[in-house]
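entry_26.cif (mmCIF, C-alpha atoms)
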```cif
data_target
#
loop_
_atom_site.label_atom_id
_atom_site.label_comp_id
_atom_site.auth_asym_id
_atom_site.auth_seq_id
_atom_site.Cartn_x
_atom_site.Cartn_y
_atom_site.Cartn_z
CA MET A 220 -2.26 -14.05 45.05
CA ALA A 221 0.11 -14.67 42.12
CA LEU A 222 2.49 -12.19 40.52
CA ILE A 223 2.51 -11.66 36.75
CA ILE A 224 5.89 -10.74 35.21
CA GLU A 225 5.88 -9.45 31.63
CA GLU A 226 9.04 -9.29 29.53
CA LEU A 227 8.94 -6.40 27.04
CA ASN A 228 10.69 -6.01 23.69
CA ARG A 229 12.30 -2.85 22.35
CA ALA A 230 8.93 -1.57 21.16
CA HIS A 231 7.62 -2.00 24.74
CA ARG A 232 5.29 -4.77 23.61
CA VAL A 233 4.92 -7.93 25.67
CA GLN A 234 6.95 -10.80 24.24
CA MET A 235 6.68 -13.20 27.19
CA ARG A 236 4.58 -13.54 30.37
CA TYR A 237 5.48 -15.48 33.50
CA ARG A 238 3.31 -16.35 36.49
CA MET A 239 4.89 -16.56 39.94
CA ASP A 240 2.83 -18.78 42.25
CA GLY A 241 5.60 -19.89 44.61
CA ASP A 242 7.79 -18.11 47.12
CA LYS A 243 10.80 -17.62 44.86
CA PHE A 244 11.29 -16.62 41.23
CA THR A 245 14.70 -16.21 39.53
CA LEU A 246 15.66 -14.14 36.50
CA GLY A 247 18.78 -14.37 34.31
CA ARG A 248 20.42 -15.82 31.21
CA ALA A 249 21.08 -19.26 32.71
CA TYR A 250 18.73 -22.04 31.62
CA ASN A 251 17.80 -23.00 35.17
CA ASN A 252 16.04 -19.66 35.81
CA ASP A 253 12.28 -19.29 35.98
CA ALA A 254 12.52 -16.40 33.47
CA ILE A 255 15.30 -16.88 30.91
CA LEU A 256 16.39 -13.46 29.61
CA GLU A 257 17.70 -13.24 26.04
CA ASP A 258 20.04 -10.40 26.97
CA ILE A 259 23.85 -10.43 26.85
CA HIS A 260 23.87 -7.66 29.49
CA ALA A 261 22.07 -9.86 32.02
CA ASP A 262 23.98 -12.19 34.35
CA GLY A 263 23.43 -15.94 34.47
CA ARG A 264 21.53 -15.39 37.73
CA HIS A 265 20.74 -11.71 37.64
CA ALA A 266 17.97 -11.21 40.23
CA GLU A 267 15.32 -13.04 42.18
CA ILE A 268 11.89 -12.24 43.58
CA ARG A 269 10.88 -13.56 46.99
CA ARG A 270 7.53 -13.60 48.75
CA ASP A 271 7.47 -13.15 52.51
CA ASP A 272 4.97 -14.49 55.05
CA SER A 273 2.73 -11.42 54.72
CA GLY A 274 2.38 -11.91 50.93
CA ASN A 275 4.68 -9.04 49.88
CA TYR A 276 7.08 -9.51 46.96
CA THR A 277 10.66 -8.20 47.07
CA LEU A 278 13.14 -8.10 44.19
CA HIS A 279 16.79 -8.71 45.13
CA ASP A 280 19.66 -7.97 42.73
CA LEU A 281 22.25 -10.80 42.94
CA ASN A 282 25.34 -8.56 42.61
CA SER A 283 24.90 -8.46 38.83
CA VAL A 284 27.42 -6.71 36.56
CA ASN A 285 24.96 -4.16 35.17
CA GLY A 286 22.64 -4.03 38.14
CA SER A 287 18.86 -3.66 38.33
CA GLN A 288 16.93 -0.41 37.95
CA LEU A 289 13.46 0.74 38.88
CA LEU A 290 12.21 2.74 35.89
CA GLY A 291 8.94 3.87 37.45
CA ASN A 292 5.43 2.67 38.17
CA LEU A 293 2.59 2.72 35.65
CA LYS A 294 -0.01 3.35 38.37
CA ASP A 295 1.90 5.74 40.63
CA ARG A 296 3.70 8.55 38.81
CA SER A 297 5.32 9.73 42.03
CA VAL A 298 7.66 6.72 42.09
CA LYS A 299 11.17 7.88 41.17
CA PRO A 300 13.51 5.78 39.00
CA GLY A 301 16.84 4.65 40.34
CA GLU A 302 19.28 1.82 40.99
CA ILE A 303 17.97 -0.89 43.31
CA SER A 304 19.59 -3.73 45.20
CA SER A 305 16.46 -4.66 47.13
CA HIS A 306 13.00 -3.34 46.31
CA GLN A 307 9.51 -4.22 47.55
CA ILE A 308 7.46 -4.68 44.42
CA ALA A 309 4.23 -2.79 43.84
CA SER A 310 1.80 -3.66 41.09
CA GLY A 311 2.68 -1.64 38.00
CA ASP A 312 6.45 -1.47 38.62
CA LEU A 313 8.65 -1.23 35.56
CA ILE A 314 12.04 -2.86 36.21
CA GLN A 315 15.15 -3.22 34.07
CA CYS A 316 17.65 -6.07 34.49
CA GLY A 317 20.66 -5.51 32.25
CA LYS A 318 18.81 -4.17 29.21
CA SER A 319 15.73 -6.38 29.65
CA ARG A 320 12.61 -4.54 30.71
CA LEU A 321 10.07 -6.23 32.96
CA ARG A 322 6.59 -5.12 33.94
CA VAL A 323 5.03 -6.53 37.09
CA PHE A 324 1.32 -6.82 38.00
CA ASN A 325 -0.80 -8.62 40.55
CA CYS A 326 -2.90 -11.33 38.93
CA ASP A 327 -6.17 -9.84 40.23
CA ASP A 328 -5.55 -6.36 38.72
CA HIS A 329 -8.29 -4.97 36.51
CA VAL A 330 -7.72 -5.18 32.76
CA ALA A 331 -9.20 -2.90 30.14
CA GLU A 332 -12.25 -3.92 28.16
CA ALA A 333 -11.67 -5.74 24.89
CA THR A 334 -11.36 -3.53 21.82
CA PRO A 335 -14.03 -4.39 19.24
CA LEU A 336 -12.75 -5.60 15.89
CA HIS A 337 -13.06 -3.01 13.15
CA SER A 338 -15.64 -3.74 10.49
CA LEU A 339 -12.84 -3.77 7.89
CA GLU A 340 -10.88 -6.55 9.57
CA ASN A 341 -12.42 -9.24 7.35
CA LEU A 342 -11.63 -7.15 4.28
CA PHE A 343 -8.01 -6.66 5.37
CA SER A 344 -7.75 -10.38 6.05
CA SER A 345 -8.86 -11.21 2.50
CA MET A 346 -6.50 -8.59 1.09
CA SER A 347 -3.59 -10.34 2.81
CA ARG A 348 -3.88 -13.29 0.43
CA PRO A 349 -1.00 -13.29 -2.09
CA LEU A 350 -3.23 -14.37 -5.01
CA TYR A 351 -5.70 -11.53 -4.35
CA ALA A 352 -2.88 -8.97 -4.21
CA ALA A 353 -1.23 -10.35 -7.35
CA LEU A 354 -4.48 -10.15 -9.34
CA LEU A 355 -5.03 -6.55 -8.27
CA VAL A 356 -1.48 -5.56 -9.22
CA LEU A 357 -1.95 -7.25 -12.60
CA ALA A 358 -5.22 -5.35 -13.11
CA VAL A 359 -3.47 -2.05 -12.37
CA ALA A 360 -0.62 -2.82 -14.76
CA LEU A 361 -2.94 -3.85 -17.60
CA SER A 362 -5.28 -0.89 -17.13
CA THR A 363 -2.31 1.50 -17.15
CA VAL A 364 -1.00 -0.02 -20.39
CA LEU A 365 -4.49 0.11 -21.94
CA LEU A 366 -4.94 3.80 -21.11
CA SER A 367 -1.49 4.51 -22.53
CA TYR A 368 -2.34 2.63 -25.73
CA LEU A 369 -5.69 4.40 -26.22
CA GLY A 370 -4.11 7.82 -25.77
CA TYR A 371 -1.08 7.17 -28.00
CA ALA A 372 -1.37 8.67 -31.49
CA ARG A 373 1.76 7.13 -33.07
CA THR A 374 2.75 3.53 -33.61
CA TYR A 375 2.67 1.78 -30.23
CA GLN A 376 5.82 -0.17 -29.37
CA TRP A 377 6.13 -3.04 -26.94
CA THR A 378 8.97 -1.27 -25.08
CA ILE A 379 6.52 1.45 -24.01
CA ALA A 380 4.17 -1.14 -22.54
CA LEU A 381 7.07 -2.90 -20.82
CA ASN A 382 8.28 0.33 -19.20
CA ILE A 383 4.78 1.17 -17.99
CA LEU A 384 4.26 -2.34 -16.59
CA ALA A 385 7.59 -2.26 -14.75
CA SER A 386 6.99 1.24 -13.36
CA ALA A 387 3.51 0.38 -12.11
CA ILE A 388 4.54 -2.87 -10.43
CA ILE A 389 7.75 -1.47 -8.90
CA GLY A 390 5.90 1.58 -7.56
CA LEU A 391 3.24 -0.55 -5.87
CA VAL A 392 5.82 -2.94 -4.40
CA ILE A 393 7.92 -0.07 -3.01
CA TYR A 394 4.84 1.52 -1.41
CA ALA A 395 3.81 -1.77 0.19
CA GLY A 396 7.37 -2.51 1.28
CA ILE A 397 7.76 0.83 3.06
CA TRP A 398 4.56 0.39 5.05
CA ALA A 399 5.37 -3.26 5.77
CA PHE A 400 8.74 -2.15 7.17
CA ILE A 401 7.04 0.50 9.35
CA GLY A 402 4.59 -2.11 10.60
CA ARG A 403 7.43 -4.51 11.35
CA VAL A 404 9.24 -1.90 13.43
CA VAL A 405 6.21 -0.46 15.23
CA ARG A 406 3.81 -3.39 15.61
CA HIS A 407 5.97 -6.37 14.63
CA GLU A 408 3.41 -7.14 11.91
CA THR A 409 4.19 -6.69 8.21
CA HIS A 410 0.87 -7.08 6.29
CA PHE A 411 2.83 -6.68 3.04
CA PHE A 412 0.17 -8.16 0.78
CA ALA A 413 -2.59 -6.17 2.47
CA HIS A 414 -0.67 -2.93 1.82
CA LEU A 415 -0.03 -4.07 -1.76
CA SER A 416 -3.73 -4.76 -2.31
CA ILE A 417 -4.75 -1.37 -0.86
CA ALA A 418 -2.24 0.45 -3.07
CA ALA A 419 -3.45 -1.47 -6.12
CA ILE A 420 -7.10 -0.62 -5.40
CA GLY A 421 -6.19 3.05 -5.03
CA ALA A 422 -4.20 3.05 -8.28
CA LEU A 423 -6.95 1.18 -10.11
CA SER A 424 -9.57 3.65 -8.86
CA TYR A 425 -7.51 6.59 -10.09
CA ALA A 426 -6.93 4.88 -13.46
CA VAL A 427 -10.70 4.53 -13.92
CA TRP A 428 -11.18 8.21 -13.02
CA GLU A 429 -8.36 9.22 -15.38
CA TRP A 430 -10.15 7.50 -18.27
CA PHE A 431 -13.53 8.97 -17.33
CA GLY A 432 -11.98 12.43 -16.85
CA SER A 433 -10.41 12.28 -20.32
CA VAL A 434 -13.85 11.51 -21.79
CA LEU A 435 -15.31 14.50 -19.94
CA ASN A 436 -12.54 16.79 -21.13
CA TYR A 437 -12.89 15.45 -24.68
CA ASN A 438 -16.58 16.32 -24.74
CA PHE A 439 -16.73 19.53 -22.75
CA ALA A 440 -13.14 20.95 -22.81
CA ILE A 441 -13.36 21.84 -19.12
CA GLY A 442 -9.69 22.86 -18.87
CA ASP A 443 -8.67 24.01 -15.36
CA THR A 444 -11.80 22.45 -13.90
CA MET A 445 -10.16 19.07 -14.49
CA GLU A 446 -7.48 19.92 -11.92
CA ILE A 447 -10.17 20.74 -9.36
CA LEU A 448 -11.92 17.44 -10.11
CA ASP A 449 -8.56 15.66 -9.82
CA PHE A 450 -8.13 17.21 -6.38
CA LEU A 451 -11.54 15.99 -5.26
CA VAL A 452 -10.87 12.45 -6.47
CA LEU A 453 -7.39 12.29 -4.90
CA ALA A 454 -8.81 13.83 -1.70
CA ILE A 455 -10.89 10.66 -1.40
CA ILE A 456 -8.40 8.03 -2.61
CA LEU A 457 -5.23 9.18 -0.80
CA PRO A 458 -6.77 9.68 2.69
CA ALA A 459 -8.45 6.28 2.39
CA MET A 460 -5.14 4.62 1.51
CA LEU A 461 -3.28 6.46 4.28
CA TRP A 462 -5.94 5.60 6.86
CA CYS A 463 -5.69 1.90 6.00
CA ALA A 464 -1.88 2.03 6.12
CA CYS A 465 -1.90 3.75 9.53
CA TYR A 466 -4.44 1.23 10.84
CA LEU A 467 -2.33 -1.75 9.78
CA ALA A 468 1.18 -0.42 10.50
CA THR A 469 0.94 1.94 13.48
CA ASN A 470 -0.50 2.17 16.98
CA LEU A 471 -2.21 5.51 16.40
CA GLY A 472 -5.58 6.01 18.05
CA ARG A 473 -8.72 6.67 16.05
CA ALA A 474 -8.53 10.47 16.28
CA TRP A 475 -4.83 10.67 15.37
CA ARG A 476 -5.31 8.16 12.56
CA TRP A 477 -8.02 10.30 10.99
CA ALA A 478 -5.97 13.46 11.53
CA VAL A 479 -2.92 12.04 9.74
CA ALA A 480 -5.01 10.53 6.94
CA LEU A 481 -6.83 13.80 6.22
CA VAL A 482 -4.32 16.56 6.98
CA LEU A 483 -1.22 15.25 5.17
CA PRO A 484 -2.60 14.44 1.69
CA ILE A 485 -5.22 17.20 1.56
CA GLY A 486 -2.65 19.71 2.81
CA PHE A 487 -0.18 18.89 0.02
CA LEU A 488 -2.90 18.70 -2.62
CA GLY A 489 -4.37 21.98 -1.41
CA LEU A 490 -1.19 23.90 -2.24
CA SER A 491 -1.46 23.04 -5.92
CA LEU A 492 -5.24 23.59 -5.86
CA VAL A 493 -4.84 27.14 -4.55
CA GLU A 494 -2.41 27.93 -7.36
CA THR A 495 -4.81 26.47 -9.93
CA ILE A 496 -7.82 28.38 -8.63
CA GLY A 497 -5.81 31.59 -8.52
CA GLY A 498 -4.91 31.28 -12.20
CA ILE A 499 -8.37 30.40 -13.54
CA ASP A 500 -9.29 34.00 -14.33
CA ASP A 501 -5.94 34.77 -15.97
CA PHE A 502 -6.23 35.66 -19.65
CA SER A 503 -4.76 33.18 -22.11
CA GLU A 504 -4.13 34.00 -25.78
CA THR A 505 -4.78 30.41 -26.77
CA PRO A 506 -7.94 28.65 -25.54
CA GLU A 507 -7.45 25.42 -23.60
CA ILE A 508 -9.04 22.63 -25.58
CA SER A 509 -8.65 18.87 -25.55
CA THR A 510 -6.35 17.53 -28.27
CA GLU A 511 -7.00 13.86 -27.54
CA LEU A 512 -8.16 11.55 -30.32
CA LYS A 513 -11.04 9.27 -29.40
CA TYR A 514 -13.62 7.14 -31.13
CA ASP A 515 -16.97 8.60 -32.19
CA ASN A 516 -18.86 6.46 -29.68
CA MET A 517 -17.16 8.40 -26.84
CA LEU A 518 -18.77 11.63 -28.01
CA LEU A 519 -21.50 12.45 -25.51
CA ARG A 520 -22.49 15.81 -27.01
CA LYS A 521 -24.41 16.25 -30.25
CA PRO A 522 -22.00 17.48 -32.97
CA VAL A 523 -22.64 21.01 -34.29
CA PRO A 524 -22.32 21.61 -38.07
CA MET A 525 -19.42 23.83 -39.07
CA GLN A 526 -21.54 26.65 -40.53
CA GLU A 527 -23.73 26.78 -37.44
CA PHE A 528 -20.66 26.90 -35.19
CA ILE A 529 -19.12 29.74 -37.22
CA ALA A 530 -22.38 31.67 -37.15
CA GLY A 531 -22.50 31.54 -33.35
CA SER A 532 -18.77 31.96 -32.73
CA ALA A 533 -19.07 35.71 -32.22
CA THR A 534 -21.03 35.24 -29.01
CA VAL A 535 -18.48 32.70 -27.80
CA PHE A 536 -15.18 34.41 -28.59
CA ASP A 537 -15.94 38.17 -28.75
CA ILE A 538 -14.84 39.87 -25.53
CA PRO A 539 -16.64 43.13 -24.63
CA ILE A 540 -14.24 45.93 -23.69
CA GLU A 541 -15.28 47.92 -20.66
CA LYS A 542 -13.91 51.47 -20.49
CA ASP A 543 -13.10 53.29 -17.30
CA ASP A 544 -14.81 56.60 -16.48
CA SER A 545 -11.54 58.45 -16.99
CA GLU A 546 -11.21 57.02 -20.50
CA GLU A 547 -14.77 58.03 -21.37
CA THR A 548 -14.14 61.58 -20.07
CA GLU A 549 -10.97 61.90 -22.14
CA SER A 550 -12.82 60.59 -25.16
CA ARG A 551 -15.59 63.17 -24.77
CA ASP A 552 -13.11 66.01 -24.20
CA GLY A 553 -11.18 65.02 -27.27
CA SER A 554 -14.35 64.98 -29.39
CA SER A 555 -15.39 68.45 -28.11
CA ALA A 556 -12.00 69.94 -28.85
CA GLU A 557 -12.11 68.53 -32.34
CA ASP A 558 -15.59 69.97 -32.97
CA ASP A 559 -14.63 73.47 -31.70
CA SER A 560 -11.46 73.78 -33.79
CA PRO A 561 -11.71 76.33 -36.66
CA GLU A 562 -11.97 75.05 -40.18
CA VAL A 563 -9.07 75.75 -42.45
CA GLU A 564 -9.95 76.80 -45.95
CA GLN A 565 -8.14 75.03 -48.64
#
```

Would you put the structure from the file into structure tokens?
Amino acid sequence: MALIIEELNRAHRVQMRYRMDGDKFTLGRAYNNDAILEDIHADGRHAEIRRDDSGNYTLHDLNSVNGSQLLGNLKDRSVKPGEISSHQIASGDLIQCGKSRLRVFNCDDHVAEATPLHSLENLFSSMSRPLYAALLVLAVALSTVLLSYLGYARTYQWTIALNILASAIIGLVIYAGIWAFIGRVVRHETHFFAHLSIAAIGALSYAVWEWFGSVLNYNFAIGDTMEILDFLVLAIILPAMLWCACYLATNLGRAWRWAVALVLPIGFLGLSLVETIGGIDDFSETPEISTELKYDNMLLRKPVPMQEFIAGSATVFDIPIEKDDSEETESRDGSSAEDDSPEVEQ
């Protein structure tokens, strides 16, 4: 039976595996070791593993400067950590030589079943292409400039378009860079262009909704309802983006990934939504109407002639005043007192 020795990196991920088939296996920084440790805190010949006649493996520290430690056992939680000079190895032991961490298993140990590839893996793979990401970023930048141009009433200047282009591109690159950095630290995988493509798709989706929402508001003057619709749209786009980012950059399980993707964005958006809903019934002296200028072909409703609108405006803008019972009582009492008062002859 062979012994498998795994060298772990700082993120506790396997960076090298060694197989011990013989009776002796050496560890250290020297080039004549069986496992060469890239660790300035490890000696040239730091430790060795020997197999006895009964097939047991024993680790011996070779009087190293920083010693060898048993950090625990992945299969037996009762194993206590501590300094070791000689230790009989059990499958699952976690050992530290200098600052290098080693994990030891028997070669016939059971391994977990393979994790099925997610159905989006092919999509993420295509998003990782630089050309695909660049085209999406360009589409976002152009759509943002177009929406700005269509909604601008004064003379449009090229500096405005340049500022919008720069802001859109820089924002997308910063978003992708942050998640790529997180992925580099956590999973040692960047996926920069995949994050950039996902951010661009999210921004492009919201730009399309922003244009469609402005057409709705132009036709129906829905006012505060637009903020509720904005919440619903963002409650779809942001969790989808965050789920993809967590999938590519973190080691979160399925349940935690969904929890983070749903709770964080919807929680922040919900705070502003509650404030909006609470103020819907508040009286406003000026009605909220759309002041955007658009072409006639964007008018979805049939125009109403001015005279017809004025004729029906009373039913739209007149507000009935409801009196309390106390006010009605006072009004009746006042009328009775006025009727009973004696007439004064002139």

Listing only residues of region 288-406 of chain A within 6 Å of region 416-435 of chain A, what is the closest atom pair and its distance in Å (to one decimal) for each, using only C-alpha atoms, sorted by chain and residue number ascending, as a tab-separated table?
```
residue	atom	partner	partner_atom	distance
A:Met346	CA	A:Ser416	CA	5.8
A:Ala352	CA	A:Ser416	CA	4.7
A:Leu355	CA	A:Ala419	CA	5.7
A:Val356	CA	A:Ala419	CA	5.5
A:Val359	CA	A:Leu423	CA	5.3
```

In Å and to one decimal, CA of Cys463 (chain A) is distant from CA of Trp477 (chain A) by 10.0 Å

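Selection result for the displayed file, with the PyMOL selection byres ((chain A and resi 408) around 12) as criterion, is Ser347, Trp398, Ala399, Phe400, Ile401, Gly402, Arg403, Val404, Val405, Arg406, His407, Thr409, His410, Phe411, Phe412, Ala413, His414, Tyr466, Leu467, Ala468, Thr469 and Asn470 of chain A.
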
What residues come out when you apply the PyMOL selection byres ((chain A and resi 291) around 7) to this file, written as a ChimeraX atom specification?
/A:289-290,292-293,298-300,312-313

Quick one: residues within 10 Å of region 236-252 of chain A, only C-alpha atoms counted, chain neighbours fewer than 5 positions away excluded, as number ranges by chain?
A: 220-227, 257-272, 274-281, 283, 316-317, 319, 321-326

Do you know which residues are at most 7 Å from Trp462 (chain A) counting all atoms listed in the file, after dropping those on the same chain fewer than 3 positions away, and could you put them as an MDAnalysis selection string?
chainID A and resid 458:459 465:466 476:477 480

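Between CA of Leu492 (chain A) and CA of Leu451 (chain A) there is a distance of 9.9 Å.
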
Is it possible to dump region 361-380 of chain A as an mmCIF file, in the first residue's frame, including just N, CA and C atoms?
```
data_model
loop_
_atom_site.group_PDB
_atom_site.id
_atom_site.type_symbol
_atom_site.label_atom_id
_atom_site.label_comp_id
_atom_site.auth_asym_id
_atom_site.auth_seq_id
_atom_site.Cartn_x
_atom_site.Cartn_y
_atom_site.Cartn_z
ATOM 1 N N LEU A 361 -22.095 52.073 -25.915
ATOM 2 C CA LEU A 361 -22.859 52.721 -26.974
ATOM 3 C C LEU A 361 -24.323 52.896 -26.597
ATOM 4 N N SER A 362 -24.904 51.889 -25.953
ATOM 5 C CA SER A 362 -26.308 52.004 -25.544
ATOM 6 C C SER A 362 -26.486 53.094 -24.492
ATOM 7 N N THR A 363 -25.510 53.230 -23.592
ATOM 8 C CA THR A 363 -25.585 54.281 -22.576
ATOM 9 C C THR A 363 -25.503 55.663 -23.220
ATOM 10 N N VAL A 364 -24.618 55.821 -24.188
ATOM 11 C CA VAL A 364 -24.509 57.102 -24.893
ATOM 12 C C VAL A 364 -25.783 57.380 -25.684
ATOM 13 N N LEU A 365 -26.353 56.367 -26.325
ATOM 14 C CA LEU A 365 -27.570 56.552 -27.109
ATOM 15 C C LEU A 365 -28.738 56.999 -26.232
ATOM 16 N N LEU A 366 -28.899 56.358 -25.070
ATOM 17 C CA LEU A 366 -29.975 56.749 -24.160
ATOM 18 C C LEU A 366 -29.770 58.174 -23.664
ATOM 19 N N SER A 367 -28.507 58.530 -23.409
ATOM 20 C CA SER A 367 -28.219 59.900 -22.975
ATOM 21 C C SER A 367 -28.556 60.899 -24.076
ATOM 22 N N TYR A 368 -28.237 60.550 -25.308
ATOM 23 C CA TYR A 368 -28.512 61.450 -26.432
ATOM 24 C C TYR A 368 -30.005 61.633 -26.652
ATOM 25 N N LEU A 369 -30.776 60.538 -26.586
ATOM 26 C CA LEU A 369 -32.215 60.615 -26.821
ATOM 27 C C LEU A 369 -32.938 61.401 -25.729
ATOM 28 N N GLY A 370 -32.393 61.392 -24.521
ATOM 29 C CA GLY A 370 -33.046 62.098 -23.430
ATOM 30 C C GLY A 370 -32.488 63.476 -23.163
ATOM 31 N N TYR A 371 -31.606 63.965 -24.045
ATOM 32 C CA TYR A 371 -30.966 65.271 -23.847
ATOM 33 C C TYR A 371 -31.686 66.306 -24.699
ATOM 34 N N ALA A 372 -32.196 67.361 -24.058
ATOM 35 C CA ALA A 372 -33.006 68.350 -24.777
ATOM 36 C C ALA A 372 -32.165 69.450 -25.419
ATOM 37 N N ARG A 373 -30.976 69.720 -24.906
ATOM 38 C CA ARG A 373 -30.138 70.796 -25.443
ATOM 39 C C ARG A 373 -29.157 70.247 -26.483
ATOM 40 N N THR A 374 -28.289 71.097 -26.944
ATOM 41 C CA THR A 374 -27.305 70.679 -27.943
ATOM 42 C C THR A 374 -26.339 69.664 -27.332
ATOM 43 N N TYR A 375 -26.241 68.499 -27.946
ATOM 44 C CA TYR A 375 -25.414 67.423 -27.406
ATOM 45 C C TYR A 375 -23.953 67.650 -27.786
ATOM 46 N N GLN A 376 -23.071 67.560 -26.810
ATOM 47 C CA GLN A 376 -21.656 67.800 -27.029
ATOM 48 C C GLN A 376 -20.877 66.483 -26.906
ATOM 49 N N TRP A 377 -19.781 66.409 -27.638
ATOM 50 C CA TRP A 377 -19.012 65.169 -27.663
ATOM 51 C C TRP A 377 -18.360 64.887 -26.308
ATOM 52 N N THR A 378 -18.122 65.918 -25.498
ATOM 53 C CA THR A 378 -17.531 65.695 -24.171
ATOM 54 C C THR A 378 -18.476 64.908 -23.258
ATOM 55 N N ILE A 379 -19.786 65.123 -23.438
ATOM 56 C CA ILE A 379 -20.761 64.369 -22.647
ATOM 57 C C ILE A 379 -20.671 62.890 -22.987
ATOM 58 N N ALA A 380 -20.636 62.590 -24.279
ATOM 59 C CA ALA A 380 -20.525 61.188 -24.711
ATOM 60 C C ALA A 380 -19.220 60.564 -24.229
#
```
